[in-house]
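To start, the structure under review is shown below, and the notes come after it.
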Amino acid sequence: MKKAFTEATLSNGLKVLLKEIHTAPLVSSWLWYRVGSRDEPTGRTGISHWVEHMQFKGTPQFPASVLDKAISRDGGMWNAFTYMDWTTYFETMPADKIDLALRLEADRMTASLFDEKEVASERTVIISEREGSENEPLFRLGEAVQHAAFRVHPYHHEVIGDLADLQTMTRDDLYRHYRAFYVPNNAVMAVAGDFGTGDMLRRIRELYEPIPAAPVPPRLARPEPEAGGEHRLTVEGPGETTYIQVSYRAPAARHPDFFAMTVLDSLLAGPSSLNMFGGGGTSNKTSRLYCALVDAELAVSVNGGLISTIDPFLYTLTITVHPERKPAEVLEALDKEISRIREERVSEQEIARAVKQARALFAYGSESVTNQAFWLGHAEMFDTYNWFLTYLDKLAKITPAQVQEAAQKYLRPQNRVAGIYLPTGDGK
Amino acid sequence: MKPNSTPHSLPGPEDVTRATLSNGITVMARSNFNSPSVVVGGHLPCGSLFDPPDKLGLADFTALALMRGTEKYNFQQLYDLLESNAASLGFSGGTHTAGFSSHALAEDLPLLLDLIAESLAHPLFPPDEIGRLRAQLMTRLAIRAQDTAEMADLTFDQIIFEGHPYALPEDGWPETIQAITRDDLAKFHAVHYGPQGMVVAIVGAVNPQRAVEEAEKHLGGWKNPNQPAPPALPELKPLESAARRKVTIPGKAQSDLVIGAVGPTRKAPEYMAAALGNSVLGQFGLGGRIGDIVREKSGLAYYASSNLNAGVGPGSWTVGAGVNPKNVEKTIDLVVQEIRRFVRRAVSPEELADSQSNFVGRLPLSLESNAGVMNALLSIERYDLGLDYYRRYPVLVRAVTPAQVLETARRYLDPDKLAIAVAGP
């Protein structure tokens, strides 16, 4: 069988993963850096995301006005994301145009200008981005819950950062952060699509190997102590709709329990798709919580979310309360379902169904070259690509006993934050 | 690096099958064996144009209620069939049509078509389920009323389409949704749902001939001889002067604004010139000229762009942005100034060439997924574009000149007669 992908590490420490896919004349290239909001001390929250924005503001070789036009002119799609553990930049281009993306990313690994004027203008853009999020009740609730869940660990703040820091950080703060973390030995390059591996690897060596390695600051490591009991909080704001967010401390992606939690999430709130870019998912109307909350007319929607992170993060249930119901009634019904899955062992069939769903959702992801390139690099940010390759096998091995153990270990009231968004009306 | 794929990854007459079922339904099919999945989507002419004024939202409510229980399957059984196979299916209401979209592993194509046929032809509208759905719709409307972007859009449509059905929200108002009874849904369905004017596209790991046969088996026997023709659209009166409206949503951190005018229909000869002009104005790169002035140069907004929405009837050509409430006036001034410049002088040949390259270059990406091809096939059918449309596309794009863009811009965007909608605190 042909090898599914190729892995190499350049002499400067840049890790490269390549996967040939010849289904469409496209190539998707992703450059991942091991830096995110968890690397930000108080006073500089939001700096990783802001640096990401500044990476679109030009270098001497690719000034800002040239940069965005060059990619769009070739019909490419490009963007960047900052998250808790990582920051990533991608371009999906017609296959014969991908060289531009490779040159651009090599260039802005070291040469971004961080012009003082551009920093000033981007400050207000990012504050505007934050204000747009603040318009959403679920952002405000999520921010409060996350902060209550992490007193010590730097997962405690939103990626966008706090307004106080966005108003005061300087150009030099940003530039220092950039130069400290944007080095080849702190990066992973993942490319998938319509290319020949030999040619691609040669070109990447040519462009990236001259960039020198440099020492990388240690990542903030402040483990969150055991939760000492349930936290409850309320957030008040405009509107007529009540929302509930319940977040349980969850295992890290690399922890063996992560896969039992994935099955638990699927049974409780429906299967989650790993497809970030096309391919799609399925609905969750036969999940336990949909039946207990939505069919029972206590809520109008419920969703679950488990995130693959380096350190333990949260398993989150988000509920939109039925307009004629009170949040206390919903929480009571939720707790009943949580108790049931903790006390009664789930059947083999239920797990088999969840695994079958995961297999199909996984298969849909192969429709998009961008999605495949995403996973090639993303899994490296919290484990290795092997995590993704063995994902289905690990799910298939989960037993009813393991699901119950995970439920008993993680879905305890003492292990959670329960937040309620209380609407204050429409102001009329 | 050399691309190694086959040259014809774009759909064309020799790899798209178009067939008519025995009851008149049009089926389009194209195979793609690169992934084991299949998508099925389509539309039929029972949109909100048929809504009575006191029951706005009826068509949308009906479409959303189709899967709440059918003769063969109750709600739980229907979703169990879908979700056990990680398949998805959803219906939604539009202005002219009700649409549906679904995907599954290719082996489950018969299941998808069975569920589509059941939902379309044999829905029961069980009262309990309708009650649940109504609460969900009411919540959706309560959320809409708090959403600055949605309220700015809705208000904009009310200004430019005054006196025209396009001014009315497809999802209705809380009082009209409350006024709709279970029997209204059943009646709307009985009268308007039928094979006449229905189009289905099937794309994925399935032989096109087999796709058509499966469609015939599940949908070919459906009949509704009394299906009424869609109502004719009334004339639209153009705005005689600039118009501005504000929706106040207290407690919000950001205001959304929409500025623009009526735009061309999708079938208008000048559509391509408008689309390319729109790209220069507010799409290309990080939001074209609008993104450059509002976001990059002035730092006023995280998002700022222009949009051309073209469909069966008159469309809209707008600029939208989300800004701090204290910057609303400043942003409006900048945008109007930019529109003024756009209609005063033709775009440069370089600007136009950039957008033309983008339109042609992005085709492989937009047609990469089965869903992308499905939407392309549905557009071909809806707007009579011809099965060779995507093969002719580069020529159509490159034929547009700066003078045509200017002429089209002047025709639709009068800087002194713009509609401006703002929603925020």
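For the structure tokens, the naming scheme is as follows: chains receive sequential letters (A, B, ...) according to their order of presentation, residues are indexed from 1 within each chain, and ligands are indexed from 1 in presentation order.
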Problem set entry | B:Arg345 environment, 12 Å, only C-alpha atoms, sequence neighbours closer than 2 positions dropped, as a ChimeraX atom specification | /B:338-343,347-349,402-407,409-410
Could the residues in this selection be written to a file with N, CA and C atoms, as a PDB file, in the first residue's frame?
ATOM      1  N   GLU B 338     -17.391  56.262  -0.997  1.00  0.00           N
ATOM      2  CA  GLU B 338     -16.798  55.201  -1.816  1.00  0.00           C
ATOM      3  C   GLU B 338     -17.742  54.796  -2.950  1.00  0.00           C
ATOM      4  N   ILE B 339     -19.039  54.767  -2.661  1.00  0.00           N
ATOM      5  CA  ILE B 339     -20.018  54.443  -3.707  1.00  0.00           C
ATOM      6  C   ILE B 339     -20.034  55.567  -4.750  1.00  0.00           C
ATOM      7  N   ARG B 340     -19.916  56.784  -4.266  1.00  0.00           N
ATOM      8  CA  ARG B 340     -19.876  57.930  -5.181  1.00  0.00           C
ATOM      9  C   ARG B 340     -18.693  57.793  -6.150  1.00  0.00           C
ATOM     10  N   ARG B 341     -17.568  57.434  -5.595  1.00  0.00           N
ATOM     11  CA  ARG B 341     -16.370  57.256  -6.426  1.00  0.00           C
ATOM     12  C   ARG B 341     -16.582  56.109  -7.428  1.00  0.00           C
ATOM     13  N   PHE B 342     -17.267  55.074  -6.964  1.00  0.00           N
ATOM     14  CA  PHE B 342     -17.490  53.869  -7.780  1.00  0.00           C
ATOM     15  C   PHE B 342     -18.360  54.175  -9.001  1.00  0.00           C
ATOM     16  N   VAL B 343     -19.275  55.127  -8.870  1.00  0.00           N
ATOM     17  CA  VAL B 343     -20.147  55.443 -10.012  1.00  0.00           C
ATOM     18  C   VAL B 343     -19.633  56.644 -10.809  1.00  0.00           C
ATOM     19  N   VAL B 347     -13.750  51.495 -12.874  1.00  0.00           N
ATOM     20  CA  VAL B 347     -12.678  50.770 -12.171  1.00  0.00           C
ATOM     21  C   VAL B 347     -11.500  50.641 -13.136  1.00  0.00           C
ATOM     22  N   SER B 348     -10.310  50.547 -12.590  1.00  0.00           N
ATOM     23  CA  SER B 348      -9.142  50.450 -13.470  1.00  0.00           C
ATOM     24  C   SER B 348      -9.092  49.064 -14.106  1.00  0.00           C
ATOM     25  N   PRO B 349      -8.478  48.973 -15.288  1.00  0.00           N
ATOM     26  CA  PRO B 349      -8.362  47.659 -15.934  1.00  0.00           C
ATOM     27  C   PRO B 349      -7.654  46.653 -15.017  1.00  0.00           C
ATOM     28  N   PRO B 402     -14.329  47.525 -18.099  1.00  0.00           N
ATOM     29  CA  PRO B 402     -14.540  48.571 -17.086  1.00  0.00           C
ATOM     30  C   PRO B 402     -15.732  49.460 -17.426  1.00  0.00           C
ATOM     31  N   ALA B 403     -15.950  49.728 -18.693  1.00  0.00           N
ATOM     32  CA  ALA B 403     -17.082  50.591 -19.079  1.00  0.00           C
ATOM     33  C   ALA B 403     -18.411  49.912 -18.728  1.00  0.00           C
ATOM     34  N   GLN B 404     -18.494  48.602 -18.941  1.00  0.00           N
ATOM     35  CA  GLN B 404     -19.732  47.888 -18.585  1.00  0.00           C
ATOM     36  C   GLN B 404     -19.965  47.900 -17.074  1.00  0.00           C
ATOM     37  N   VAL B 405     -18.900  47.765 -16.314  1.00  0.00           N
ATOM     38  CA  VAL B 405     -19.035  47.811 -14.853  1.00  0.00           C
ATOM     39  C   VAL B 405     -19.568  49.181 -14.430  1.00  0.00           C
ATOM     40  N   LEU B 406     -19.006  50.229 -15.032  1.00  0.00           N
ATOM     41  CA  LEU B 406     -19.426  51.587 -14.678  1.00  0.00           C
ATOM     42  C   LEU B 406     -20.899  51.814 -15.038  1.00  0.00           C
ATOM     43  N   GLU B 407     -21.258  51.376 -16.219  1.00  0.00           N
ATOM     44  CA  GLU B 407     -22.639  51.549 -16.678  1.00  0.00           C
ATOM     45  C   GLU B 407     -23.605  50.823 -15.730  1.00  0.00           C
ATOM     46  N   ALA B 409     -23.003  49.912 -12.569  1.00  0.00           N
ATOM     47  CA  ALA B 409     -22.973  50.558 -11.253  1.00  0.00           C
ATOM     48  C   ALA B 409     -23.889  51.785 -11.256  1.00  0.00           C
ATOM     49  N   ARG B 410     -23.800  52.579 -12.320  1.00  0.00           N
ATOM     50  CA  ARG B 410     -24.621  53.799 -12.406  1.00  0.00           C
ATOM     51  C   ARG B 410     -26.108  53.469 -12.483  1.00  0.00           C
TER      52      ARG B 410
END
For this session: Can you work out the spacing between atom CA of B:Ala229 and atom CA of B:Met272 in Å, to one decimal?
Result: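 Between atom CA of B:Ala229 and atom CA of B:Met272 the gap is 29.4 Å.
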Nearby residues (only C-alpha atoms) at most 12 Å from stretch 381-386 of chain B, same-chain spacing under 6 positions excluded, as a PDB file with C-alpha atoms, in the first residue's frame:
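The result, written out as around-v7.pdb:
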ATOM      1  CA  PRO B  11     -19.162  20.119 -14.600  1.00  0.00           C
ATOM      2  CA  GLY B  12     -20.179  20.130 -18.259  1.00  0.00           C
ATOM      3  CA  PRO B  13     -22.746  18.667 -20.643  1.00  0.00           C
ATOM      4  CA  VAL B  16     -24.019  16.036 -16.055  1.00  0.00           C
ATOM      5  CA  ARG B  18     -30.447  15.915 -16.829  1.00  0.00           C
ATOM      6  CA  ALA B  19     -33.655  13.880 -16.880  1.00  0.00           C
ATOM      7  CA  ILE B  25     -39.709  16.514 -11.754  1.00  0.00           C
ATOM      8  CA  THR B  26     -36.330  17.539 -13.201  1.00  0.00           C
ATOM      9  CA  VAL B  27     -33.359  15.512 -11.963  1.00  0.00           C
ATOM     10  CA  MET B  28     -29.732  16.568 -12.401  1.00  0.00           C
ATOM     11  CA  ALA B  29     -26.978  14.103 -11.516  1.00  0.00           C
ATOM     12  CA  GLY B  42     -33.479  20.590  -4.562  1.00  0.00           C
ATOM     13  CA  HIS B  43     -36.343  23.003  -4.487  1.00  0.00           C
ATOM     14  CA  LEU B  44     -40.005  23.310  -5.357  1.00  0.00           C
ATOM     15  CA  PRO B  45     -42.115  26.402  -5.975  1.00  0.00           C
ATOM     16  CA  HIS B  96     -39.938  31.634  -4.262  1.00  0.00           C
ATOM     17  CA  THR B  97     -39.245  28.067  -3.254  1.00  0.00           C
ATOM     18  CA  GLY B 197     -41.524  22.900 -10.988  1.00  0.00           C
ATOM     19  CA  MET B 198     -39.549  20.671  -8.662  1.00  0.00           C
ATOM     20  CA  VAL B 199     -35.833  20.171  -9.283  1.00  0.00           C
ATOM     21  CA  VAL B 200     -33.567  17.596  -7.607  1.00  0.00           C
ATOM     22  CA  ALA B 201     -29.782  17.386  -7.890  1.00  0.00           C
ATOM     23  CA  THR B 265     -31.890  39.776 -11.206  1.00  0.00           C
ATOM     24  CA  ARG B 266     -29.667  36.745 -11.700  1.00  0.00           C
ATOM     25  CA  LYS B 267     -30.771  36.427 -15.322  1.00  0.00           C
ATOM     26  CA  ALA B 268     -30.155  40.094 -16.197  1.00  0.00           C
ATOM     27  CA  PRO B 269     -27.604  40.497 -19.007  1.00  0.00           C
ATOM     28  CA  TYR B 271     -25.404  40.402 -13.909  1.00  0.00           C
ATOM     29  CA  ALA B 310     -29.352  38.260  -7.175  1.00  0.00           C
ATOM     30  CA  GLY B 311     -32.223  35.839  -7.598  1.00  0.00           C
ATOM     31  CA  VAL B 312     -35.388  35.289  -9.601  1.00  0.00           C
ATOM     32  CA  GLY B 313     -36.701  38.828  -9.072  1.00  0.00           C
ATOM     33  CA  MET B 374     -25.040  20.318  -6.251  1.00  0.00           C
ATOM     34  CA  ASN B 375     -25.595  24.052  -5.721  1.00  0.00           C
ATOM     35  CA  ARG B 392     -18.065  28.986 -20.759  1.00  0.00           C
ATOM     36  CA  TYR B 393     -17.617  30.796 -17.477  1.00  0.00           C
ATOM     37  CA  LEU B 396     -18.096  35.229 -19.798  1.00  0.00           C
TER      38      LEU B 396
END
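Within the 8 Å cut-off around stretch 382-385 of chain A, using only C-alpha atoms and omitting residues fewer than 6 positions from it on the same chain, the listed residues are Asp85, Ala253, Arg254, Ser308, Thr309, Ile310, Trp375 and Leu376 of chain A.
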Problem set entry | Top pick for closest residue to B:Arg295, considering A:Leu113, A:Glu20, A:Ser128, A:Thr82 and counting only C-alpha atoms |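 Among the listed residues, A:Ser128 lies closest to B:Arg295.
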Exercise. Quick one: of A:Gly239, A:Gly229, A:Gly43, A:Gly193, who's nearest to chain B, counting only C-alpha atoms?
Worked result: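 Among the listed residues, A:Gly239 lies closest to chain B.
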